[in-house]
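Printed here is final.cif (mmCIF, C-alpha atoms and all ligand atoms):
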```
data_target
#
loop_
_atom_site.group_PDB
_atom_site.id
_atom_site.type_symbol
_atom_site.label_atom_id
_atom_site.label_comp_id
_atom_site.auth_asym_id
_atom_site.auth_seq_id
_atom_site.Cartn_x
_atom_site.Cartn_y
_atom_site.Cartn_z
ATOM 1 C CA GLN A 1 14.437 0.947 -4.220
ATOM 2 C CA GLU A 2 12.247 2.402 -6.932
ATOM 3 C CA TYR A 3 8.695 2.327 -5.605
ATOM 4 C CA THR A 4 5.441 3.350 -7.204
ATOM 5 C CA GLY A 5 3.648 5.819 -4.921
ATOM 6 C CA MET A 6 -0.054 5.083 -5.263
ATOM 7 C CA LYS A 7 -2.300 8.117 -4.682
ATOM 8 C CA MET A 8 -5.293 6.858 -2.708
ATOM 9 C CA GLU A 9 -7.730 9.768 -2.470
ATOM 10 C CA VAL A 10 -9.709 10.106 0.718
ATOM 11 C CA VAL A 11 -13.428 9.612 0.123
ATOM 12 C CA GLU A 12 -14.565 9.709 3.753
ATOM 13 C CA TRP A 13 -12.475 10.146 6.894
ATOM 14 C CA SER A 14 -13.003 8.060 10.000
ATOM 15 C CA PRO A 15 -14.452 10.305 12.764
ATOM 16 C CA ALA A 16 -11.074 10.563 14.579
ATOM 17 C CA ALA A 17 -9.159 11.416 11.398
ATOM 18 C CA LYS A 18 -11.801 13.960 10.380
ATOM 19 C CA GLU A 19 -11.374 15.693 13.726
ATOM 20 C CA ALA A 20 -7.570 15.738 13.450
ATOM 21 C CA ILE A 21 -7.240 16.676 9.785
ATOM 22 C CA GLU A 22 -10.172 18.116 7.873
ATOM 23 C CA ALA A 23 -10.068 21.738 9.053
ATOM 24 C CA LYS A 24 -6.291 21.973 8.623
ATOM 25 C CA VAL A 25 -5.679 21.138 4.974
ATOM 26 C CA GLY A 26 -6.880 24.401 3.410
ATOM 27 C CA GLY A 27 -9.378 22.673 1.150
ATOM 28 C CA ARG A 28 -6.715 20.461 -0.411
ATOM 29 C CA LYS A 29 -7.545 17.002 -1.674
ATOM 30 C CA VAL A 30 -5.835 14.503 0.610
ATOM 31 C CA TYR A 31 -4.293 11.258 -0.624
ATOM 32 C CA LEU A 32 -2.850 8.414 1.381
ATOM 33 C CA VAL A 33 0.344 7.490 -0.480
ATOM 34 C CA ALA A 34 1.085 3.755 -0.539
ATOM 35 C CA ALA A 35 4.529 2.607 -1.710
ATOM 36 C CA THR A 36 4.458 -0.572 -3.796
ATOM 37 C CA LEU A 37 6.941 -2.673 -5.742
ATOM 38 C CA ARG A 38 4.106 -4.531 -7.468
ATOM 39 C CA PRO A 39 2.156 -1.984 -9.556
ATOM 40 C CA GLU A 40 0.831 -4.780 -11.790
ATOM 41 C CA THR A 41 -1.145 -6.161 -8.833
ATOM 42 C CA MET A 42 -3.118 -2.946 -8.201
ATOM 43 C CA TYR A 43 -6.223 -4.495 -9.798
ATOM 44 C CA GLY A 44 -6.476 -6.703 -6.711
ATOM 45 C CA GLN A 45 -6.378 -4.101 -3.927
ATOM 46 C CA THR A 46 -8.953 -4.911 -1.237
ATOM 47 C CA ASN A 47 -7.977 -2.495 1.546
ATOM 48 C CA CYS A 48 -5.052 -0.419 2.759
ATOM 49 C CA PHE A 49 -2.869 -0.880 5.846
ATOM 50 C CA VAL A 50 -1.329 1.576 8.295
ATOM 51 C CA GLY A 51 0.671 0.863 11.449
ATOM 52 C CA PRO A 52 -1.722 1.656 14.329
ATOM 53 C CA THR A 53 1.054 3.043 16.558
ATOM 54 C CA LEU A 54 2.910 4.941 13.821
ATOM 55 C CA LYS A 55 2.785 8.726 13.480
ATOM 56 C CA TYR A 56 1.654 10.120 10.156
ATOM 57 C CA GLY A 57 1.577 13.624 8.808
ATOM 58 C CA VAL A 58 -0.512 15.323 6.155
ATOM 59 C CA PHE A 59 1.930 17.273 3.990
ATOM 60 C CA ALA A 60 1.137 19.982 1.460
ATOM 61 C CA ALA A 61 2.299 18.804 -1.975
ATOM 62 C CA ASN A 62 1.138 22.017 -3.668
ATOM 63 C CA GLU A 63 -1.839 24.413 -3.405
ATOM 64 C CA LYS A 64 -4.360 21.741 -4.331
ATOM 65 C CA GLU A 65 -3.093 18.456 -2.925
ATOM 66 C CA ALA A 66 -1.760 16.999 0.324
ATOM 67 C CA TYR A 67 -0.158 13.618 0.970
ATOM 68 C CA LEU A 68 -0.562 11.474 4.059
ATOM 69 C CA CYS A 69 2.570 9.455 4.887
ATOM 70 C CA THR A 70 5.463 9.390 7.345
ATOM 71 C CA TYR A 71 7.541 12.531 7.839
ATOM 72 C CA ARG A 72 10.564 10.617 6.569
ATOM 73 C CA ALA A 73 8.846 9.831 3.266
ATOM 74 C CA ALA A 74 7.557 13.407 2.837
ATOM 75 C CA ARG A 75 11.053 14.723 3.336
ATOM 76 C CA ASN A 76 12.399 12.340 0.693
ATOM 77 C CA MET A 77 9.630 13.505 -1.649
ATOM 78 C CA THR A 78 10.769 17.116 -1.356
ATOM 79 C CA PHE A 79 14.118 16.068 -2.861
ATOM 80 C CA GLN A 80 12.460 14.226 -5.750
ATOM 81 C CA GLY A 81 10.252 17.011 -7.067
ATOM 82 C CA ILE A 82 7.119 15.243 -5.799
ATOM 83 C CA ILE A 83 6.521 17.847 -3.110
ATOM 84 C CA THR A 84 7.566 21.431 -3.784
ATOM 85 C CA PRO A 85 9.528 23.525 -2.949
ATOM 86 C CA ARG A 86 12.676 21.412 -2.720
ATOM 87 C CA GLY A 87 13.744 20.462 0.791
ATOM 88 C CA GLU A 88 10.778 22.175 2.454
ATOM 89 C CA VAL A 89 8.346 20.041 4.390
ATOM 90 C CA ASN A 90 5.006 21.747 5.101
ATOM 91 C CA LYS A 91 3.123 19.646 7.624
ATOM 92 C CA LEU A 92 -0.556 20.602 7.798
ATOM 93 C CA ALA A 93 -1.744 18.021 10.316
ATOM 94 C CA GLU A 94 -0.660 15.028 12.346
ATOM 95 C CA VAL A 95 -2.446 11.784 13.100
ATOM 96 C CA GLU A 96 -1.742 8.395 14.647
ATOM 97 C CA GLY A 97 -2.336 5.325 12.495
ATOM 98 C CA ALA A 98 -5.051 4.028 14.837
ATOM 99 C CA SER A 99 -7.147 7.140 14.129
ATOM 100 C CA LEU A 100 -7.118 6.434 10.392
ATOM 101 C CA ILE A 101 -8.740 3.001 10.682
ATOM 102 C CA GLY A 102 -12.098 2.953 8.883
ATOM 103 C CA THR A 103 -11.246 5.809 6.506
ATOM 104 C CA LYS A 104 -12.632 5.136 3.034
ATOM 105 C CA ILE A 105 -10.263 5.765 0.127
ATOM 106 C CA LYS A 106 -10.057 5.291 -3.632
ATOM 107 C CA ALA A 107 -7.873 2.428 -4.894
ATOM 108 C CA PRO A 108 -6.701 3.348 -8.429
ATOM 109 C CA LEU A 109 -7.165 0.568 -11.000
ATOM 110 C CA ALA A 110 -8.723 -1.812 -8.488
ATOM 111 C CA VAL A 111 -11.660 -4.038 -9.440
ATOM 112 C CA ASN A 112 -13.195 -2.755 -6.166
ATOM 113 C CA PRO A 113 -12.531 0.981 -6.545
ATOM 114 C CA GLU A 114 -13.193 2.003 -2.927
ATOM 115 C CA VAL A 115 -11.520 0.349 0.051
ATOM 116 C CA TYR A 116 -10.993 0.933 3.778
ATOM 117 C CA VAL A 117 -7.950 1.585 5.929
ATOM 118 C CA LEU A 118 -7.135 -1.255 8.343
ATOM 119 C CA PRO A 119 -4.397 -1.874 10.969
ATOM 120 C CA MET A 120 -1.266 -3.985 10.373
ATOM 121 C CA GLU A 121 1.229 -4.380 13.219
ATOM 122 C CA SER A 122 4.166 -5.188 10.945
ATOM 123 C CA VAL A 123 4.134 -1.954 8.915
ATOM 124 C CA LEU A 124 7.604 -0.447 9.226
ATOM 125 C CA ALA A 125 8.061 3.301 9.785
ATOM 126 C CA THR A 126 11.473 3.049 8.131
ATOM 127 C CA LYS A 127 10.353 1.765 4.741
ATOM 128 C CA GLY A 128 8.359 3.286 1.892
ATOM 129 C CA THR A 129 5.700 5.722 3.067
ATOM 130 C CA GLY A 130 4.408 3.748 6.069
ATOM 131 C CA VAL A 131 1.194 3.166 4.097
ATOM 132 C CA VAL A 132 0.773 -0.228 2.420
ATOM 133 C CA THR A 133 -1.906 -1.044 -0.100
ATOM 134 C CA SER A 134 -3.215 -4.562 0.399
ATOM 135 C CA VAL A 135 -3.301 -7.217 -2.312
ATOM 136 C CA PRO A 136 -4.234 -10.473 -0.546
ATOM 137 C CA SER A 137 -4.258 -12.477 -3.806
ATOM 138 C CA ASP A 138 -0.480 -12.056 -4.190
ATOM 139 C CA SER A 139 0.932 -10.842 -0.867
ATOM 140 C CA PRO A 140 0.999 -13.495 1.890
ATOM 141 C CA ASP A 141 1.362 -10.796 4.585
ATOM 142 C CA ASP A 142 -1.691 -8.974 3.326
ATOM 143 C CA TYR A 143 -3.730 -12.179 3.036
ATOM 144 C CA GLN A 144 -2.895 -13.444 6.519
ATOM 145 C CA THR A 145 -3.456 -10.051 8.145
ATOM 146 C CA LEU A 146 -6.825 -9.714 6.432
ATOM 147 C CA MET A 147 -7.832 -13.198 7.646
ATOM 148 C CA ASP A 148 -6.740 -12.372 11.220
ATOM 149 C CA LEU A 149 -8.731 -9.138 11.140
ATOM 150 C CA ARG A 150 -11.835 -10.941 9.910
ATOM 151 C CA LYS A 151 -11.535 -13.616 12.604
ATOM 152 C CA LYS A 152 -11.144 -11.114 15.434
ATOM 153 C CA ALA A 153 -12.892 -7.996 14.186
ATOM 154 C CA GLU A 154 -14.071 -7.041 17.645
ATOM 155 C CA TYR A 155 -10.630 -7.437 19.215
ATOM 156 C CA TYR A 156 -9.113 -5.234 16.508
ATOM 157 C CA LYS A 157 -11.983 -2.747 16.844
ATOM 158 C CA ILE A 158 -12.911 -2.836 13.195
ATOM 159 C CA ASP A 159 -16.286 -2.933 11.484
ATOM 160 C CA PRO A 160 -16.396 -6.310 9.619
ATOM 161 C CA LYS A 161 -17.559 -4.500 6.477
ATOM 162 C CA TRP A 162 -14.155 -2.764 6.240
ATOM 163 C CA ALA A 163 -12.511 -6.180 5.725
ATOM 164 C CA ALA A 164 -15.243 -7.688 3.570
ATOM 165 C CA ILE A 165 -13.680 -7.597 0.101
ATOM 166 C CA ASP A 166 -12.336 -11.030 -0.888
ATOM 167 C CA PRO A 167 -9.004 -11.576 -2.686
ATOM 168 C CA VAL A 168 -9.329 -10.814 -6.409
ATOM 169 C CA PRO A 169 -7.423 -12.897 -9.009
ATOM 170 C CA VAL A 170 -4.805 -10.712 -10.719
ATOM 171 C CA LEU A 171 -2.277 -13.099 -12.197
ATOM 172 C CA SER A 172 -1.952 -16.831 -12.645
ATOM 173 C CA THR A 173 1.066 -19.080 -12.107
ATOM 174 C CA PRO A 174 1.332 -22.764 -13.103
ATOM 175 C CA THR A 175 2.124 -23.878 -9.544
ATOM 176 C CA TYR A 176 -0.230 -21.751 -7.446
ATOM 177 C CA GLY A 177 -3.105 -20.789 -9.723
ATOM 178 C CA ASP A 178 -4.679 -17.346 -9.644
ATOM 179 C CA LEU A 179 -4.639 -16.773 -5.879
ATOM 180 C CA SER A 180 -1.023 -17.510 -5.058
ATOM 181 C CA ALA A 181 -0.830 -15.914 -1.592
ATOM 182 C CA PRO A 182 -3.660 -17.988 -0.067
ATOM 183 C CA ALA A 183 -2.197 -21.126 -1.711
ATOM 184 C CA ILE A 184 1.319 -20.512 -0.363
ATOM 185 C CA VAL A 185 0.016 -19.586 3.111
ATOM 186 C CA LYS A 186 -1.835 -22.890 3.168
ATOM 187 C CA GLN A 187 1.129 -24.872 1.869
ATOM 188 C CA LEU A 188 3.431 -23.446 4.551
ATOM 189 C CA LYS A 189 0.727 -24.035 7.211
ATOM 190 C CA ILE A 190 0.781 -20.377 8.268
ATOM 191 C CA LEU A 191 -1.947 -19.681 10.833
ATOM 192 C CA SER A 192 -1.421 -16.087 11.916
ATOM 193 C CA ALA A 193 0.284 -12.844 10.928
ATOM 194 C CA LYS A 194 2.572 -13.498 13.909
ATOM 195 C CA ASP A 195 4.224 -16.378 11.979
ATOM 196 C CA THR A 196 6.724 -13.871 10.638
ATOM 197 C CA LYS A 197 9.451 -16.320 9.666
ATOM 198 C CA GLN A 198 7.203 -18.456 7.467
ATOM 199 C CA LEU A 199 5.582 -15.326 6.071
ATOM 200 C CA ALA A 200 8.969 -14.028 4.956
ATOM 201 C CA GLU A 201 9.524 -17.317 3.126
ATOM 202 C CA ALA A 202 6.023 -17.154 1.633
ATOM 203 C CA LYS A 203 6.693 -13.627 0.380
ATOM 204 C CA GLU A 204 9.907 -14.748 -1.311
ATOM 205 C CA ILE A 205 8.089 -17.587 -3.086
ATOM 206 C CA ALA A 206 5.179 -15.332 -4.113
ATOM 207 C CA TYR A 207 7.542 -12.677 -5.519
ATOM 208 C CA LYS A 208 9.520 -15.198 -7.586
ATOM 209 C CA GLU A 209 6.557 -17.191 -8.854
ATOM 210 C CA GLY A 210 4.611 -14.090 -9.791
ATOM 211 C CA PHE A 211 7.473 -12.344 -11.517
ATOM 212 C CA TYR A 212 9.000 -15.262 -13.449
ATOM 213 C CA ASN A 213 5.966 -17.462 -14.107
ATOM 214 C CA GLY A 214 2.963 -15.162 -13.799
ATOM 215 C CA THR A 215 0.475 -14.238 -16.524
ATOM 216 C CA MET A 216 -2.003 -11.397 -16.067
ATOM 217 C CA VAL A 217 -5.650 -12.530 -15.832
ATOM 218 C CA VAL A 218 -7.195 -9.053 -15.496
ATOM 219 C CA GLY A 219 -6.857 -5.551 -16.888
ATOM 220 C CA GLU A 220 -5.475 -3.958 -20.001
ATOM 221 C CA TYR A 221 -2.532 -6.405 -20.224
ATOM 222 C CA LYS A 222 -4.525 -9.581 -19.630
ATOM 223 C CA GLY A 223 -2.739 -12.553 -21.217
ATOM 224 C CA GLN A 224 0.684 -10.892 -21.058
ATOM 225 C CA SER A 225 3.500 -12.010 -18.764
ATOM 226 C CA VAL A 226 3.913 -10.190 -15.452
ATOM 227 C CA GLN A 227 7.421 -9.201 -16.528
ATOM 228 C CA ASP A 228 6.014 -7.424 -19.588
ATOM 229 C CA ALA A 229 2.959 -5.970 -17.853
ATOM 230 C CA LYS A 230 4.707 -4.564 -14.756
ATOM 231 C CA PRO A 231 6.421 -1.527 -16.385
ATOM 232 C CA LYS A 232 3.398 -0.865 -18.608
ATOM 233 C CA VAL A 233 0.964 -0.745 -15.699
ATOM 234 C CA ARG A 234 3.357 1.494 -13.801
ATOM 235 C CA GLU A 235 3.756 3.903 -16.690
ATOM 236 C CA SER A 236 0.025 4.027 -17.271
ATOM 237 C CA LEU A 237 -0.669 4.795 -13.582
ATOM 238 C CA ILE A 238 1.922 7.575 -13.618
ATOM 239 C CA ASN A 239 0.723 9.032 -16.935
ATOM 240 C CA GLN A 240 -2.835 9.179 -15.617
ATOM 241 C CA GLY A 241 -1.682 11.029 -12.496
ATOM 242 C CA LEU A 242 -2.804 8.155 -10.270
ATOM 243 C CA ALA A 243 0.713 7.433 -9.003
ATOM 244 C CA PHE A 244 4.269 8.775 -9.022
ATOM 245 C CA ALA A 245 7.777 7.345 -8.952
ATOM 246 C CA TYR A 246 9.186 7.376 -5.436
ATOM 247 C CA ALA A 247 12.751 6.289 -4.736
ATOM 248 C CA GLU A 248 13.980 5.156 -1.369
ATOM 249 C CA PRO A 249 17.424 6.661 -0.849
ATOM 250 C CA GLU A 250 20.293 4.607 0.566
ATOM 251 C CA GLY A 251 21.786 5.804 3.855
ATOM 252 C CA LEU A 252 24.577 7.594 2.041
ATOM 253 C CA VAL A 253 22.290 9.621 -0.187
ATOM 254 C CA LEU A 254 20.124 10.544 2.779
ATOM 255 C CA SER A 255 23.006 11.957 4.807
ATOM 256 C CA ARG A 256 24.384 13.763 1.793
ATOM 257 C CA SER A 257 21.116 15.591 1.160
ATOM 258 C CA ALA A 258 20.673 16.447 4.855
HETATM 259 C C1 LIG A 301 1.509 -4.175 -3.043
HETATM 260 C C2 LIG A 301 1.933 -5.566 -3.126
HETATM 261 C C3 LIG A 301 1.334 -6.624 -3.779
HETATM 262 C C4 LIG A 301 3.139 -5.773 -2.456
HETATM 263 C C5 LIG A 301 1.923 -7.874 -3.722
HETATM 264 C C6 LIG A 301 3.766 -7.008 -2.372
HETATM 265 C C7 LIG A 301 3.138 -8.068 -3.007
HETATM 266 P P1 LIG A 301 10.094 -5.501 0.102
HETATM 267 O O1 LIG A 301 10.297 -6.430 -1.028
HETATM 268 O O2 LIG A 301 10.351 -6.140 1.431
HETATM 269 O O3 LIG A 301 10.760 -4.169 -0.060
HETATM 270 N N1 LIG A 301 5.470 -2.505 2.017
HETATM 271 C C8 LIG A 301 5.740 -1.265 1.546
HETATM 272 N N2 LIG A 301 6.063 -0.442 2.561
HETATM 273 C C9 LIG A 301 6.029 -1.178 3.678
HETATM 274 C C10 LIG A 301 6.260 -0.884 5.057
HETATM 275 N N3 LIG A 301 6.567 0.358 5.458
HETATM 276 N N4 LIG A 301 6.153 -1.885 5.961
HETATM 277 C C11 LIG A 301 5.809 -3.131 5.562
HETATM 278 N N5 LIG A 301 5.554 -3.456 4.282
HETATM 279 C C12 LIG A 301 5.660 -2.506 3.352
HETATM 280 O O4 LIG A 301 8.540 -5.226 0.150
HETATM 281 C C13 LIG A 301 7.892 -4.286 -0.648
HETATM 282 C C14 LIG A 301 6.439 -4.516 -0.415
HETATM 283 O O5 LIG A 301 6.195 -4.468 0.995
HETATM 284 C C15 LIG A 301 5.569 -3.479 -1.068
HETATM 285 O O6 LIG A 301 4.930 -3.993 -2.258
HETATM 286 C C16 LIG A 301 4.432 -3.350 -0.060
HETATM 287 O O7 LIG A 301 3.528 -4.342 -0.455
HETATM 288 C C17 LIG A 301 5.060 -3.698 1.266
HETATM 289 F F1 LIG A 301 1.364 -8.892 -4.323
HETATM 290 O O8 LIG A 301 2.616 -3.493 -2.474
HETATM 291 B B1 LIG A 301 3.595 -4.421 -1.880
HETATM 292 C C18 LIG A 301 5.047 -11.185 -2.440
HETATM 293 C C19 LIG A 301 4.793 -9.703 -2.226
HETATM 294 N N6 LIG A 301 3.636 -9.358 -2.987
#
```

Once you've parsed the file, please lay out its structure as structure tokens.
Amino acid sequence: QEYTGMKMEVVEWSPAAKEAIEAKVGGRKVYLVAATLRPETMYGQTNCFVGPTLKYGVFAANEKEAYLCTYRAARNMTFQGIITPRGEVNKLAEVEGASLIGTKIKAPLAVNPEVYVLPMESVLATKGTGVVTSVPSDSPDDYQTLMDLRKKAEYYKIDPKWAAIDPVPVLSTPTYGDLSAPAIVKQLKILSAKDTKQLAEAKEIAYKEGFYNGTMVVGEYKGQSVQDAKPKVRESLINQGLAFAYAEPEGLVLSRSA
């Protein structure tokens, strides 16, 4: 899988993350790294998700920068020239996902340029970086999780203002309009992020509709097809230093490089 690793710079740590991290990074700028397959949707980021029970590390990328992600992802990055030197993981600090909730970060390209970190139970430690940027306009999982968090803010121990940004139209499809995830969630009568089977189906539909029938309604490539815009947005993010290419190795490659 060829992901785009979005560099989401920390603006203000949550108190627990500040305690665990700030003194240990040697003055480096810290970025949460979110792995996405949909760079063209980055205009519509409204928050970022971490798994509350997952373990994250802050890894030195070089003298000036550090990346927050899973150990597994950092190790992969050392073999892709993203983190140097090759094969060497330098962990500066460690933190549990729950401690990151409420951290304010920059969301490159987004219409709302600063967003908050929120919890998502279904984030997998075994995929991407373990950090997921949230685009509720086009990702049914993100939309439903955001709605659940808003409904039960107290239960999830979040400040309602962290979940306050509404879905932002990014692309339009003939069948679902410019907010496809909410439309598909409604059509499939999905009521909670625990409806994982229907959400998997919703994701499939949203991917296909967006990719084959979508037209951008925002940004530099407004009016162009999603198929055309996707590689251009990706290249532009990478050229500006706001993101990097991150490949997920297959099992074979992983064991070979071990
Ligand atoms: C932004 C985005 C916008 C995404 C969208 C999807 C959609 P796939 O196809 O199953 O590989 N993701 C990345 N890492 C994880 C993880 N560790 N655990 C759970 N989810 C993760 O899924 C790739 C997508 O899953 C990634 O692209 C990321 O969310 C999420 F409008 O980034 B995406 C219809 C989907 N729309």

Sorted per-residue table, chain A near ligand LIG 301 (chain A), closest atoms and distance, 7 Å, all atoms listed in the file, as a tab-separated table:
```
residue	atom	partner	partner_atom	distance
A:Ala35	CA	A:LIG301	C8	5.2
A:Thr36	CA	A:LIG301	O8	3.7
A:Leu37	CA	A:LIG301	O6	4.2
A:Arg38	CA	A:LIG301	C2	5.0
A:Pro39	CA	A:LIG301	C1	6.9
A:Thr41	CA	A:LIG301	C3	5.6
A:Ser122	CA	A:LIG301	C11	6.0
A:Val123	CA	A:LIG301	N4	3.6
A:Leu124	CA	A:LIG301	N4	3.9
A:Ala125	CA	A:LIG301	N3	5.4
A:Thr126	CA	A:LIG301	N3	6.2
A:Lys127	CA	A:LIG301	N3	4.1
A:Gly128	CA	A:LIG301	N2	4.4
A:Thr129	CA	A:LIG301	N3	5.9
A:Gly130	CA	A:LIG301	N3	4.1
A:Val131	CA	A:LIG301	N3	6.2
A:Val132	CA	A:LIG301	C8	5.1
A:Thr133	CA	A:LIG301	C1	5.5
A:Ser134	CA	A:LIG301	C1	5.9
A:Val135	CA	A:LIG301	C3	4.9
A:Pro136	CA	A:LIG301	F1	6.9
A:Ser137	CA	A:LIG301	F1	6.7
A:Asp138	CA	A:LIG301	F1	3.7
A:Ser139	CA	A:LIG301	N6	3.7
A:Pro140	CA	A:LIG301	C18	6.4
A:Lys203	CA	A:LIG301	C18	4.1
A:Glu204	CA	A:LIG301	C18	6.1
A:Ala206	CA	A:LIG301	C18	4.5
A:Tyr207	CA	A:LIG301	C18	4.2
```

Find the smallest box with edges along x, y and z containing every listed atom of range 151-160 of chain A, then add 6 Å on each side and report centre and edge lengths in Å to one decimal, as AutoDock Vina command-line options.
```
--center_x -12.8 --center_y -8.2 --center_z 14.4 --size_x 19.3 --size_y 22.9 --size_z 21.6
```

Need to verify the contact set: Pro108 in chain A, 7 Å, all atoms listed in the file, exclusion of same-chain residues closer than 2 positions in sequence. Can you return it as a VMD selection string? chain A and resid 8 106 110 113 242

Given the selection you just returned, output its residues as a file containing C-alpha atoms, formatted as a PDB file, in the frame of the given file.
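And here's result_27.pdb as it stands now:
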```pdb
ATOM      1  CA  MET A   8      -5.293   6.858  -2.708  1.00  0.00           C
ATOM      2  CA  LYS A 106     -10.057   5.291  -3.632  1.00  0.00           C
ATOM      3  CA  ALA A 110      -8.723  -1.812  -8.488  1.00  0.00           C
ATOM      4  CA  PRO A 113     -12.531   0.981  -6.545  1.00  0.00           C
ATOM      5  CA  LEU A 242      -2.804   8.155 -10.270  1.00  0.00           C
TER       6      LEU A 242
END
```

Leu109 in chain A: which residues within 12 Å, counting all atoms listed in the file, same-chain residues fewer than 6 positions away excluded, as number ranges by chain? A: 6-8, 39-46, 115, 170, 218-220, 233-234, 236-238, 240-243

Give me a file of those residues, with C-alpha atoms, as a PDB file, in the frame of the given file.
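selection29.pdb, written as the output of this step:
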```
ATOM      1  CA  MET A   6      -0.054   5.083  -5.263  1.00  0.00           C
ATOM      2  CA  LYS A   7      -2.300   8.117  -4.682  1.00  0.00           C
ATOM      3  CA  MET A   8      -5.293   6.858  -2.708  1.00  0.00           C
ATOM      4  CA  PRO A  39       2.156  -1.984  -9.556  1.00  0.00           C
ATOM      5  CA  GLU A  40       0.831  -4.780 -11.790  1.00  0.00           C
ATOM      6  CA  THR A  41      -1.145  -6.161  -8.833  1.00  0.00           C
ATOM      7  CA  MET A  42      -3.118  -2.946  -8.201  1.00  0.00           C
ATOM      8  CA  TYR A  43      -6.223  -4.495  -9.798  1.00  0.00           C
ATOM      9  CA  GLY A  44      -6.476  -6.703  -6.711  1.00  0.00           C
ATOM     10  CA  GLN A  45      -6.378  -4.101  -3.927  1.00  0.00           C
ATOM     11  CA  THR A  46      -8.953  -4.911  -1.237  1.00  0.00           C
ATOM     12  CA  VAL A 115     -11.520   0.349   0.051  1.00  0.00           C
ATOM     13  CA  VAL A 170      -4.805 -10.712 -10.719  1.00  0.00           C
ATOM     14  CA  VAL A 218      -7.195  -9.053 -15.496  1.00  0.00           C
ATOM     15  CA  GLY A 219      -6.857  -5.551 -16.888  1.00  0.00           C
ATOM     16  CA  GLU A 220      -5.475  -3.958 -20.001  1.00  0.00           C
ATOM     17  CA  VAL A 233       0.964  -0.745 -15.699  1.00  0.00           C
ATOM     18  CA  ARG A 234       3.357   1.494 -13.801  1.00  0.00           C
ATOM     19  CA  SER A 236       0.025   4.027 -17.271  1.00  0.00           C
ATOM     20  CA  LEU A 237      -0.669   4.795 -13.582  1.00  0.00           C
ATOM     21  CA  ILE A 238       1.922   7.575 -13.618  1.00  0.00           C
ATOM     22  CA  GLN A 240      -2.835   9.179 -15.617  1.00  0.00           C
ATOM     23  CA  GLY A 241      -1.682  11.029 -12.496  1.00  0.00           C
ATOM     24  CA  LEU A 242      -2.804   8.155 -10.270  1.00  0.00           C
ATOM     25  CA  ALA A 243       0.713   7.433  -9.003  1.00  0.00           C
TER      26      ALA A 243
END
```

CA of Tyr155 in chain A to CA of Thr196 in chain A: how many Å, to one decimal? 20.4 Å

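This file, filtered with the PyMOL selection byres (((chain A and resi 54) around 9) and not hetatm), gives the residues Val50, Gly51, Pro52, Thr53, Lys55, Tyr56, Thr70, Val95, Glu96, Gly97, Ala98, Val123, Leu124, Ala125 and Gly130 of chain A.
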
Those selected residues, please, written with C-alpha atoms and delivered as a compact mmCIF listing (two decimals), in the coordinates of the input.
```txt
# COMPACT_ATOMS: atom_id res chain seq x y z
CA VAL A 50 -1.33 1.58 8.30
CA GLY A 51 0.67 0.86 11.45
CA PRO A 52 -1.72 1.66 14.33
CA THR A 53 1.05 3.04 16.56
CA LYS A 55 2.78 8.73 13.48
CA TYR A 56 1.65 10.12 10.16
CA THR A 70 5.46 9.39 7.34
CA VAL A 95 -2.45 11.78 13.10
CA GLU A 96 -1.74 8.40 14.65
CA GLY A 97 -2.34 5.32 12.50
CA ALA A 98 -5.05 4.03 14.84
CA VAL A 123 4.13 -1.95 8.91
CA LEU A 124 7.60 -0.45 9.23
CA ALA A 125 8.06 3.30 9.78
CA GLY A 130 4.41 3.75 6.07
```

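One finds CA of Val111 in chain A at 29.1 Å from CA of Ile83 in chain A.
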
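Of the listed residues (A:Leu171, A:Val33, A:Ile101, A:Glu235), A:Val33 comes nearest to Met77 in chain A; the distances count all atoms listed in the file.
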
Could the residues of range 67-152 of chain A that have an atom at most 7 Å from range 15-32 of chain A be listed as a tab-separated table, each with its closest atom pair and the distance in Å to one decimal, counting all atoms listed in the file and ordered by chain and ascending residue number?
```
residue	atom	partner	partner_atom	distance
A:Tyr67	CA	A:Tyr31	CA	5.0
A:Leu68	CA	A:Leu32	CA	4.7
A:Cys69	CA	A:Leu32	CA	6.5
A:Leu92	CA	A:Val25	CA	5.9
A:Ala93	CA	A:Ile21	CA	5.7
A:Val95	CA	A:Ala20	CA	6.5
A:Ser99	CA	A:Ala16	CA	5.2
A:Leu100	CA	A:Ala17	CA	5.5
```

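Among the candidates A:Glu201, A:Glu65, A:Ala74, A:Val217, the residue lying nearest to Glu248 in chain A is A:Ala74 (atoms considered: only C-alpha atoms).
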
Can you list what the PyMOL selection byres (((chain A and resi 195) around 12) and not hetatm) grabs from this structure, as a compact mmCIF listing (two decimals) with C-alpha atoms, keeping the file's coordinate frame?
```
# COMPACT_ATOMS: atom_id res chain seq x y z
CA SER A 122 4.17 -5.19 10.94
CA PRO A 140 1.00 -13.50 1.89
CA ASP A 141 1.36 -10.80 4.58
CA GLN A 144 -2.90 -13.44 6.52
CA THR A 145 -3.46 -10.05 8.14
CA ASP A 148 -6.74 -12.37 11.22
CA VAL A 185 0.02 -19.59 3.11
CA LEU A 188 3.43 -23.45 4.55
CA LYS A 189 0.73 -24.04 7.21
CA ILE A 190 0.78 -20.38 8.27
CA LEU A 191 -1.95 -19.68 10.83
CA SER A 192 -1.42 -16.09 11.92
CA ALA A 193 0.28 -12.84 10.93
CA LYS A 194 2.57 -13.50 13.91
CA THR A 196 6.72 -13.87 10.64
CA LYS A 197 9.45 -16.32 9.67
CA GLN A 198 7.20 -18.46 7.47
CA LEU A 199 5.58 -15.33 6.07
CA ALA A 200 8.97 -14.03 4.96
CA GLU A 201 9.52 -17.32 3.13
CA ALA A 202 6.02 -17.15 1.63
```
